[in-house]
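Beneath this line is the structure, given in C-alpha cells, with notes to follow.
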Number of protein chains: 2
Amino acid sequence: MVARTMDELVSLCKRRGFIYQSNDIYGGIKGLYDYGPMGVELKNNLKIAWWKSMIYERDDVEGLDASILSAPDVFKHSGHEDTFSDPLVDCRKCKSRFRADQLVKNSCPNCNSEDLTEPRPFNLMFKTSIGPVDDGSSYAYLRPETAQQIFTNFRNVLDSTSRTLPFGIAQIGKAFRNEITPRNFIFRVREFEQMELEFFVEPGSDNEWHKYWVDTRYNWWIDQGIDKTRIETLEVQKEELSHYSKSTVDIIYSFPHGKEELEGIANRTDFDLGSHTKNQEEFKITAKVMKNEKSTGKLAIQNLENKKWFVPYVIEPSAGVDRGVLALLNEAYKEEKIDDTNSRIVLSLKPHLSPIKAAVIPLKKNNEDLVNHAKAIKSNLQSLGMGRVMFENSGNIGKNYRRHDEIGTPLCITVDFETLEDQTVTVRDRDTMKQQRLGSEELIKYYQKYFE
Amino acid sequence: MVARTMDELVSLCKRRGFIYQSNDIYGGIKGLYDYGPMGVELKNNLKIAWWKSMIYERDDVEGLDASILSAPDVFKHSGHEDTFSDPLVDCRKCKSRFRADQLVKNSCPNCNSEDLTEPRPFNLMFKTSIGPVDDGSSYAYLRPETAQQIFTNFRNVLDSTSRTLPFGIAQIGKAFRNEITPRNFIFRVREFEQMELEFFVEPGSDNEWHKYWVDTRYNWWIDQGIDKTRIETLEVQKEELSHYSKSTVDIIYSFPHGKEELEGIANRTDFDLGSHTKNQEEFKITAKVMKNEKSTGKLAIQNLENKKWFVPYVIEPSAGVDRGVLALLNEAYKEEKIDDTNSRIVLSLKPHLSPIKAAVIPLKKNNEDLVNHAKAIKSNLQSLGMGRVMFENSGNIGKNYRRHDEIGTPLCITVDFETLEDQTVTVRDRDTMKQQRLGSEELIKYYQKYFE
C-alpha cells in the first residue's frame, strides 16, 4: 500500500509527533531533524530490535558505544581525511556552490552562468576546535561513521572479553556529514544514526561470512515488516566499489523518492585494522591507507595453533537508523476506505515497533470511576514490560481511534460503565477495526500473546 | 563498601570492558571516553530505567530526541552565547592557558611566571562550520545541554499531542562542552549524556512542583541502588543561582574524588520559553535573555477558562548519565575477603542495571552435549526479555565466577553431566556465593522472579 508521496509521510510525521524540522522556530537548518514523542519510540524500538538480534540472540558479538568527537589521526589513517569528499564547483558570477556530479548542464543551476570553477574536493567531515587554544592546532572531527571507533577499540574489546575469531563488535550511534545538498526528508541528512557491526573473521573465510551476513540482514529487514516486493539486494559493480572493499552488496529499498540504499554489507578485508595497527610490516596485510607511525595498538590476533599473529578480515553490515525509520513508516502507511464517504490513514507497523502498544480510554473524561479504572488497567499492562502504554483522557473515542490508527497503536481499550460492573472492556484491533469484549484476565492474556 | 580510590574504578572499567579512554591508540584526547561491552549495557540499563520512570510509568510526560547540531539563534536566545563561559588566563611566558578560578597562587601553574593576562571569558560551546562555505558565515553549535531543544520544540509537541498543563517533555542525549580541564574520569568530560525533563506548570504552582520533583528524583536514585549515607540534597544559595533559576536543589553524591552534583533540579520559571517565544510583549513574562526578533514560535498556552495566553513555568530535573554510571559503579564496588588467603571484587549492582543478567556455563568446553544444552538454556532465558544473557564457553568455572562477580552478573548457571541426565543445573548467587540445584522449570521461575 505504502505512501503515494514523501509529502504524505512528512505531513503525518509532523502532525502526529514523529519527526519535526530541527530548529524550526529559527528557520531551521537543512538536513537536521528532531524525533517527537512517537518518533523517538519508533526509532528506539528499531534500535532495540537490531541490538537484540545482533548481541542478545547471538553468542559471538559484543556491544560498544564510543565517543563522537574523534582524534584527527583516526580519520587520517582511515583514509577519510584524504578521500571522504564530494567534488564541489563554484559559480564565479553568483558565488553559489554545488556538487559537480549533480550538474546537469555546464551552467550554474542558480543563475545559468557558465563561468564555473573546476571541481575541487570538499571534505564532508565536520571539524571543531578542542581545548582552550583556537588557532587550528587542536581540533577533533565529528565522526562521519561509527565504524572507525570499533576498529580503534579492537584490542580493548579483545583484552576485556575472551573472544576468539570469528566475533563481532556492534555499535549504534550518531554520525555527521556536511552534505552539500541534504534532501529527501530523513534520507540524506547531516546528522544521522547508524547501526554498524564489524564482524572479524579468518582471512579465507571472508567470502562465506559475507554471504551469510547479506542473507541475515535481508531477512532481518523482512522481519521488521518490509515487503519483499520493495526490497532487493544489489551487488555493487567492481568499478564502483569503495577503495576499502573487496565486495559490497547493498540492500536497496523502494523509498518514495526512488530506489536507494538502506544498508550496505561490505567485505573490508584487513584494510581497516591494517591501516590502524602499529608495525604493519610484521603482518602480511593486503590493503592499507598509508604507513602508520602514530598508532600504538597491535590490531592483530594470534593463531592458537601456529602462534603467528595476523590481522583479521572484517565483514561490515552497516545500516542507517533514520533510513530504516523512513522505510518502515512508508511500508506501514495505508489510506483505507471505510465506507462510501469515509477513509482512514492507518500505520500498520509490526507490534514490536509501534510507538504505543495500547491506548486505554475511559468513555467519559470526567468520570472518576472510569478514569481510575482506566489508569489501573494502563498501569497493569505497562508493568508487563512490552513498551509504552498510553492513558488517553480526551473523552472522545472516535478522535482517539483516528489518532491511534495514524500512529500505529495495535490495540485500543475502552473502559465504560459496563466495566465498572463486570470488569470487561472493549478491545479494538487497529488493522481489522473489529471490537471484542474481554474480561480483565482475558485482557492480560490477550495482550501478552499479541506482543510475544 | 564503595571503591577506595577512583583508580580502582578506572582499572576495573578498563579490565572488564566498561569504559576505555577514547582514541587511545593515537594517544587519546582528554575528556573523551568509550563505553565497552559491559559499559554500554550498564549505561543503556540506566537510561531505560529513567525513561520508564519518566514516561512509561507516568501519564503526563512525552519523549523527544532532537538533533545535536543547533542553529546559533537557539543558543543566542538561550543566553549561552553570552554567558556560557569560564574565565581563562594566559601565561605570557610559557603560553599555557588555564582557568582563572582554579589559580591557587598568582603565578602560572606550569612555569611559575607571574606575567599573566587578565581573565577573559572562554565560551565552552563547540562550534562547527556547516554547508559548503567555510568563511564563518554559516555555523552550528554542538548543544551544551539537551534542554534547549525541548523548549524550541514546545509547540511541536503540544500541536501533535493533546497535552494540557501540567505536562513534561523528557529527553536523553549527548551534549558537548569544551572543558578547559576535563578531570575525574567520566565525571567532567567534553562529551557526555544527559537525561533531562522539562516539566511545564502553571505559574504559582511551581514551588510545589519543584519540591515534588526534588523528592521524586532523590527517591529514584535510591531505587537505583545508591545508599542514603552517600547522597543528599543541597539547596543552592541565592547568590550562587544560575541566572535563569528562581531556586535550585542539587542532588549531591559522594564520588571517590569528593562530594559533587549528580543531578540538579531547577525552577527555571518562564525564562526559557519566554526567551524563545515571539511577541514577548504579549505575555507577562517575568524573565528573559533579550528581546527576540527571530523566533517564529508562540511558546505559550491558552488558559481554557479565561482564554488568555500565557507562558508556562518550567521545573527541570537534569541528570548526567555518565555521572550516574560513575556513582553506581562506585556504589556497587566491593572488595570482599573470602577466606584467610583469598578475596574477590564484586559489583553488587541492582539486577535491573547489571550488564549481564545470567551467565550460562558448560562445565567442559569441548563437550558437544554440554555446550548444546547450555546454549538452549541461554536462548530460553534470553527470550524472557530481561536483558542480556551470556553463553560462556571458556571451560573454566572459577575464572568465569571471578569475571562475572566483577561485572556484576547476578546469576551463574553451570551445566554439568548431571544436567544431561536430570535437567538440573547449579545456580550460583553473586552476592551470597551460595549455590543451589534447580530443575529446568524451577530455573525459569527462579529467574523470572529474580528480575521482576
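Following the order of the C-alpha cells, first chain is A, next is B, and so on, with residues numbered from 1 inside each chain and ligands from 1 in the order they appear.
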
For the contact check between chain B and chain A, emit one row per residue of chain B within 6 Å, containing the shortest atom pair and the distance in Å rounded to one decimal, counting only C-alpha atoms, chain then rising number order, as CSV.
```
residue,atom,partner,partner_atom,distance
B:Arg15,CA,A:Ser160,CA,5.3
B:Arg16,CA,A:Ser160,CA,4.8
B:Gly17,CA,A:Ser160,CA,4.9
B:Ile25,CA,A:Thr296,CA,4.9
B:Tyr26,CA,A:Ser295,CA,5.2
B:Asp34,CA,A:Ala66,CA,4.0
B:Tyr35,CA,A:Asp65,CA,4.9
B:Gly36,CA,A:Leu64,CA,4.8
B:Pro37,CA,A:Gly63,CA,4.5
B:Val40,CA,A:Asp65,CA,5.8
B:Tyr56,CA,A:Arg388,CA,5.4
B:Glu62,CA,A:Pro37,CA,5.4
B:Gly63,CA,A:Pro37,CA,4.5
B:Leu64,CA,A:Gly36,CA,4.8
B:Asp65,CA,A:Tyr35,CA,4.9
B:Ala66,CA,A:Asp34,CA,4.0
B:Ser67,CA,A:Asp34,CA,5.6
B:Lys127,CA,A:Thr128,CA,5.9
B:Thr128,CA,A:Thr128,CA,5.3
B:Gly131,CA,A:Ile180,CA,5.8
B:Pro132,CA,A:Ile180,CA,5.8
B:Ser160,CA,A:Arg16,CA,4.8
B:Ile180,CA,A:Pro132,CA,5.8
B:Ser295,CA,A:Tyr26,CA,5.2
B:Thr296,CA,A:Ile25,CA,4.9
B:Gly297,CA,A:Ile25,CA,5.1
B:Arg388,CA,A:Tyr56,CA,5.4
```

Any idea what's packed within 9 Å of His373 (chain B), counting only C-alpha atoms, ignoring anything in its chain fewer than 3 positions away? Could you give it as a compact mmCIF listing (two decimals) with N, CA, C and O atoms, in the first residue's frame?
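Below is the file that was written, part-v6.txt:
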```txt
# COMPACT_ATOMS: atom_id res chain seq x y z
N PRO B 362 28.89 -24.16 30.33
CA PRO B 362 29.07 -25.62 30.29
C PRO B 362 30.34 -25.99 31.06
O PRO B 362 31.36 -25.30 30.94
N GLU B 368 30.16 -31.54 23.31
CA GLU B 368 29.07 -31.06 22.47
C GLU B 368 27.73 -31.07 23.20
O GLU B 368 26.93 -30.13 23.09
N ASP B 369 27.46 -32.14 23.96
CA ASP B 369 26.19 -32.24 24.68
C ASP B 369 26.03 -31.10 25.68
O ASP B 369 24.98 -30.46 25.78
N LEU B 370 27.10 -30.86 26.46
CA LEU B 370 27.04 -29.78 27.47
C LEU B 370 26.86 -28.42 26.79
O LEU B 370 26.05 -27.60 27.22
N ALA B 376 20.96 -23.91 24.75
CA ALA B 376 19.49 -23.96 24.78
C ALA B 376 18.96 -23.20 26.00
O ALA B 376 17.97 -22.46 25.91
N ILE B 377 19.62 -23.37 27.15
CA ILE B 377 19.19 -22.66 28.36
C ILE B 377 19.39 -21.15 28.18
O ILE B 377 18.52 -20.34 28.50
N LYS B 378 20.53 -20.78 27.62
CA LYS B 378 20.79 -19.35 27.36
C LYS B 378 19.69 -18.76 26.50
O LYS B 378 19.13 -17.70 26.79
N VAL B 415 26.14 -25.90 33.67
CA VAL B 415 25.59 -27.11 33.07
C VAL B 415 26.64 -28.21 33.16
O VAL B 415 27.74 -28.05 32.64
N THR B 419 23.26 -32.61 34.54
CA THR B 419 22.22 -31.91 33.77
C THR B 419 21.71 -32.77 32.62
O THR B 419 20.52 -32.79 32.31
N LEU B 420 22.64 -33.46 31.98
CA LEU B 420 22.25 -34.27 30.83
C LEU B 420 21.31 -35.40 31.24
O LEU B 420 20.49 -35.85 30.44
```

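Shortest atom-to-atom contact with Val346 (chain A) among A:Glu118, A:Glu316, A:Asp431, A:Asp405: A:Asp405, counting only C-alpha atoms.
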
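Within region 336-389 of chain B, residues classed as strand (DSSP E or B) by DSSP on backbone coordinates are B:Glu336, B:Lys337, B:Ser343, B:Arg344, B:Ile345, B:Val346, B:Leu347, B:Ala358, B:Ala359, B:Val360, B:Ile361, B:Pro362, B:Val389.
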
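Counting only C-alpha atoms and comparing B:Asp322, B:Asp422, B:Asp429, B:Asp339, the residue that lies closest to Pro351 (chain B) is B:Asp429.
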